[in-house]
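Participant: What follows is run.cif, made up of mmCIF, C-alpha atoms and all ligand atoms:
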data_target
#
loop_
_atom_site.label_atom_id
_atom_site.label_comp_id
_atom_site.auth_asym_id
_atom_site.auth_seq_id
_atom_site.Cartn_x
_atom_site.Cartn_y
_atom_site.Cartn_z
CA MET K 1 -10.80 14.49 11.10
CA PHE K 2 -8.42 16.72 9.18
CA GLU K 3 -9.38 18.33 5.90
CA ASP K 4 -5.80 17.63 4.73
CA PHE K 5 -4.05 15.26 7.14
CA TYR K 6 -1.03 15.03 4.85
CA CYS K 7 -0.05 18.72 4.63
CA GLU K 8 -1.22 19.55 8.14
CA GLU K 9 0.25 16.57 9.98
CA ALA K 10 2.29 13.97 8.10
CA LEU K 11 4.29 16.18 5.72
CA SER K 12 4.94 18.76 8.43
CA TRP K 13 6.18 15.93 10.70
CA ARG K 14 3.73 16.86 13.48
CA VAL K 15 2.91 13.20 13.95
CA PRO K 16 5.42 10.33 14.07
CA ILE K 17 5.63 8.69 10.65
CA ASP K 18 6.83 5.16 9.97
CA LYS K 19 8.44 5.87 6.62
CA VAL K 20 8.66 3.17 3.94
CA ILE K 21 10.16 5.09 1.01
CA GLU K 22 11.05 8.76 0.56
CA THR K 23 12.14 10.38 -2.70
CA ASP K 24 12.62 14.07 -3.56
CA ASN K 25 8.92 14.51 -4.28
CA VAL K 26 7.14 11.49 -2.79
CA LEU K 27 6.65 10.07 0.69
CA ALA K 28 5.32 6.60 1.54
CA PHE K 29 4.58 5.51 5.10
CA HIS K 30 2.53 3.08 7.15
CA HIS K 31 -0.94 4.53 7.73
CA THR K 32 -1.24 6.04 11.21
CA ARG K 33 -4.68 4.44 11.69
CA PRO K 34 -4.53 1.34 9.47
CA PHE K 35 -7.74 -0.02 8.01
CA TRP K 36 -6.11 -3.20 6.68
CA PRO K 37 -3.41 -5.51 8.16
CA VAL K 38 -0.96 -4.00 5.65
CA HIS K 39 -1.80 -0.38 4.89
CA ILE K 40 0.74 1.97 3.34
CA VAL K 41 -0.04 5.39 1.85
CA VAL K 42 1.90 7.14 -0.91
CA VAL K 43 1.61 10.93 -1.24
CA PRO K 44 3.25 13.68 -3.26
CA LYS K 45 5.08 16.11 -0.96
CA ARG K 46 3.62 19.03 -2.89
CA HIS K 47 -0.04 19.68 -2.28
CA ILE K 48 -2.29 18.20 -4.96
CA ALA K 49 -5.94 17.92 -3.95
CA SER K 50 -6.73 14.61 -5.67
CA LEU K 51 -6.12 12.51 -8.75
CA LEU K 52 -8.59 14.75 -10.56
CA ALA K 53 -6.50 17.85 -9.76
CA LEU K 54 -3.42 16.59 -11.61
CA GLU K 55 -2.38 18.81 -14.48
CA PRO K 56 -0.38 18.06 -17.65
CA GLY K 57 2.76 19.51 -16.03
CA ASP K 58 2.50 16.90 -13.28
CA ASP K 59 3.31 14.00 -15.59
CA GLN K 60 6.84 13.51 -14.23
CA LEU K 61 5.56 13.62 -10.65
CA LEU K 62 2.88 11.05 -11.48
CA ILE K 63 5.56 8.73 -12.83
CA GLU K 64 7.58 9.24 -9.63
CA ILE K 65 4.51 8.53 -7.48
CA PHE K 66 3.70 5.37 -9.40
CA ASP K 67 7.28 4.17 -9.29
CA VAL K 68 7.04 4.29 -5.47
CA VAL K 69 3.58 2.65 -5.56
CA LYS K 70 5.00 -0.11 -7.73
CA GLN K 71 8.01 -0.75 -5.48
CA ILE K 72 5.82 -1.02 -2.39
CA ALA K 73 3.17 -3.13 -4.11
CA ALA K 74 5.88 -5.50 -5.34
CA ARG K 75 7.12 -5.91 -1.75
CA VAL K 76 3.63 -6.58 -0.42
CA VAL K 77 2.89 -9.09 -3.18
CA ALA K 78 6.21 -10.85 -2.52
CA GLU K 79 5.57 -10.98 1.24
CA ARG K 80 1.79 -11.58 1.34
CA GLY K 81 0.84 -12.90 -2.08
CA GLY K 82 -1.43 -10.01 -3.10
CA ALA K 83 -2.09 -6.28 -2.82
CA ARG K 84 -4.65 -3.63 -3.71
CA ILE K 85 -3.99 -0.06 -4.87
CA LEU K 86 -6.72 2.48 -4.23
CA THR K 87 -7.34 6.21 -4.34
CA ASN K 88 -10.57 7.86 -3.19
CA LEU K 89 -12.35 10.78 -4.86
CA GLY K 90 -15.17 13.17 -4.05
CA ASP K 91 -17.28 12.19 -1.05
CA TYR K 92 -15.15 9.05 -0.61
CA GLN K 93 -11.98 11.11 -0.07
CA ASP K 94 -11.59 12.08 3.60
CA SER K 95 -8.27 13.93 3.36
CA LYS K 96 -8.14 16.33 0.43
CA HIS K 97 -4.55 15.56 -0.60
CA LEU K 98 -3.80 13.03 -3.32
CA HIS K 99 -2.88 9.71 -1.76
CA PHE K 100 -2.76 6.12 -2.87
CA HIS K 101 -3.50 3.31 -0.43
CA ILE K 102 -1.61 0.05 -0.86
CA ASN K 103 -3.25 -2.63 1.22
CA PHE K 104 -3.46 -6.31 1.91
CA GLY K 105 -5.99 -8.36 3.83
CA ASP K 106 -9.51 -7.99 5.22
CA PRO K 107 -10.62 -4.66 6.74
CA LEU K 108 -9.77 -4.38 10.44
CA ARG K 109 -13.09 -2.66 11.29
ZN ZN J 1 -2.04 18.81 1.06
#
Transcribe the structure of this file into structure tokens.
Ligand SMILES: [Zn+2]
Facilitator:
Amino acid sequence: MFEDFYCEEALSWRVPIDKVIETDNVLAFHHTRPFWPVHIVVVPKRHIASLLALEPGDDQLLIEIFDVVKQIAARVVAERGGARILTNLGDYQDSKHLHFHINFGDPLR
């Protein structure tokens, strides 16, 4: 398990990424080890440790992140009928880089 999978692997393109949306500051891609039948993650390209590490100057970035989250969630809802948006914190957060999960369906394991 990586301390920061996103900076170390995904954002440095060391692993193949199935990209969904990319903007100047945000990347969204299908999770490399999905936990739900539909499982997309949205991350800022700049390192931010978690939702709790956001600072007042990050407001514009947060809007950009949530615009991407919204676009993807709208697609999943249109295709599947529902979606969940989730971010983990503290002991629940495996990779210490802010990321939002957009998922649909029952857990795969
Ligand atoms: Zn990072």
Participant: Go through chain K residue by residue and, counting only C-alpha atoms and all ligand atoms, keep those with an atom at most 10 Å from ligand ZN 1 (chain J); for each kept residue give the shortest atom pair and its distance in Å to one decimal, ordered by chain and increasing number, as JSON lines.
Facilitator:
{"residue": "K:Glu3", "atom": "CA", "partner": "J:ZN1", "partner_atom": "ZN", "distance": 8.8}
{"residue": "K:Asp4", "atom": "CA", "partner": "J:ZN1", "partner_atom": "ZN", "distance": 5.4}
{"residue": "K:Phe5", "atom": "CA", "partner": "J:ZN1", "partner_atom": "ZN", "distance": 7.3}
{"residue": "K:Tyr6", "atom": "CA", "partner": "J:ZN1", "partner_atom": "ZN", "distance": 5.4}
{"residue": "K:Cys7", "atom": "CA", "partner": "J:ZN1", "partner_atom": "ZN", "distance": 4.1}
{"residue": "K:Glu8", "atom": "CA", "partner": "J:ZN1", "partner_atom": "ZN", "distance": 7.2}
{"residue": "K:Glu9", "atom": "CA", "partner": "J:ZN1", "partner_atom": "ZN", "distance": 9.5}
{"residue": "K:Ala10", "atom": "CA", "partner": "J:ZN1", "partner_atom": "ZN", "distance": 9.6}
{"residue": "K:Leu11", "atom": "CA", "partner": "J:ZN1", "partner_atom": "ZN", "distance": 8.3}
{"residue": "K:Val43", "atom": "CA", "partner": "J:ZN1", "partner_atom": "ZN", "distance": 9.0}
{"residue": "K:Pro44", "atom": "CA", "partner": "J:ZN1", "partner_atom": "ZN", "distance": 8.5}
{"residue": "K:Lys45", "atom": "CA", "partner": "J:ZN1", "partner_atom": "ZN", "distance": 7.9}
{"residue": "K:Arg46", "atom": "CA", "partner": "J:ZN1", "partner_atom": "ZN", "distance": 6.9}
{"residue": "K:His47", "atom": "CA", "partner": "J:ZN1", "partner_atom": "ZN", "distance": 4.0}
{"residue": "K:Ile48", "atom": "CA", "partner": "J:ZN1", "partner_atom": "ZN", "distance": 6.1}
{"residue": "K:Ala49", "atom": "CA", "partner": "J:ZN1", "partner_atom": "ZN", "distance": 6.4}
{"residue": "K:Ser50", "atom": "CA", "partner": "J:ZN1", "partner_atom": "ZN", "distance": 9.2}
{"residue": "K:Ser95", "atom": "CA", "partner": "J:ZN1", "partner_atom": "ZN", "distance": 8.2}
{"residue": "K:Lys96", "atom": "CA", "partner": "J:ZN1", "partner_atom": "ZN", "distance": 6.6}
{"residue": "K:His97", "atom": "CA", "partner": "J:ZN1", "partner_atom": "ZN", "distance": 4.4}
{"residue": "K:Leu98", "atom": "CA", "partner": "J:ZN1", "partner_atom": "ZN", "distance": 7.5}
{"residue": "K:His99", "atom": "CA", "partner": "J:ZN1", "partner_atom": "ZN", "distance": 9.6}
Participant: Now that the selection is made, can you save its residues with C-alpha atoms as an mmCIF file, in the coordinates of the input?
Facilitator:
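Result file follows (again32.cif):
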data_model
loop_
_atom_site.group_PDB
_atom_site.id
_atom_site.type_symbol
_atom_site.label_atom_id
_atom_site.label_comp_id
_atom_site.auth_asym_id
_atom_site.auth_seq_id
_atom_site.Cartn_x
_atom_site.Cartn_y
_atom_site.Cartn_z
ATOM 1 C CA GLU K 3 -9.380 18.330 5.900
ATOM 2 C CA ASP K 4 -5.800 17.630 4.730
ATOM 3 C CA PHE K 5 -4.050 15.260 7.140
ATOM 4 C CA TYR K 6 -1.030 15.030 4.850
ATOM 5 C CA CYS K 7 -0.050 18.720 4.630
ATOM 6 C CA GLU K 8 -1.220 19.550 8.140
ATOM 7 C CA GLU K 9 0.250 16.570 9.980
ATOM 8 C CA ALA K 10 2.290 13.970 8.100
ATOM 9 C CA LEU K 11 4.290 16.180 5.720
ATOM 10 C CA VAL K 43 1.610 10.930 -1.240
ATOM 11 C CA PRO K 44 3.250 13.680 -3.260
ATOM 12 C CA LYS K 45 5.080 16.110 -0.960
ATOM 13 C CA ARG K 46 3.620 19.030 -2.890
ATOM 14 C CA HIS K 47 -0.040 19.680 -2.280
ATOM 15 C CA ILE K 48 -2.290 18.200 -4.960
ATOM 16 C CA ALA K 49 -5.940 17.920 -3.950
ATOM 17 C CA SER K 50 -6.730 14.610 -5.670
ATOM 18 C CA SER K 95 -8.270 13.930 3.360
ATOM 19 C CA LYS K 96 -8.140 16.330 0.430
ATOM 20 C CA HIS K 97 -4.550 15.560 -0.600
ATOM 21 C CA LEU K 98 -3.800 13.030 -3.320
ATOM 22 C CA HIS K 99 -2.880 9.710 -1.760
#
Participant: Need to verify the contact set: Ile72 (chain K), 9 Å, all atoms listed in the file, exclusion of same-chain residues closer than 4 positions in sequence. Can you return it as a PyMOL selection string?
Facilitator: chain K and resi 20-21+28+40+67-68+76-77+102
Participant: Given all atoms listed in the file as the basis, pick out the residue of K:Leu62, K:Val26, K:Val69, K:Ala74 nearest to Leu86 (chain K).
Facilitator: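 Ranking K:Leu62, K:Val26, K:Val69, K:Ala74 by distance to Leu86 (chain K), first place goes to K:Val69.
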Participant: For Asp24 (chain K), which residue among K:Trp36, K:Asp58, K:Ile65, K:Ala53 is the nearest when counting all atoms listed in the file?
Facilitator: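 Result for the nearest residue to Asp24 (chain K): K:Ile65.
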Participant: Interatomic distance between CA of Asp59 (chain K) and CA of Trp13 (chain K)?
Facilitator: 26.5 Å
Participant: Taking (-2.2, 0.9, 7.1) in the file's coordinates as the center, which residues reach within 12 Å of it, counting only C-alpha atoms, put as a list in words?
Facilitator: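 These residues have at least one counted atom within 12 Å: Ile17, Asp18, Lys19, Val20, Ala28, Phe29, His30, His31, Thr32, Arg33, Pro34, Phe35, Trp36, Pro37, Val38, His39, Ile40, Val41, Val42, Arg84, Phe100, His101, Ile102, Asn103, Phe104, Gly105, Asp106, Pro107 and Leu108 of chain K.
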Participant: What is the distance, in Å and to one decimal place, between CA of Leu61 (chain K) and CA of Gln93 (chain K)?
Facilitator: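 Between CA of Leu61 (chain K) and CA of Gln93 (chain K) the gap is 20.6 Å.
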Participant: So how many Å separate CA of Ala78 (chain K) and CA of Gln60 (chain K), to one decimal?
Facilitator: 27.0 Å
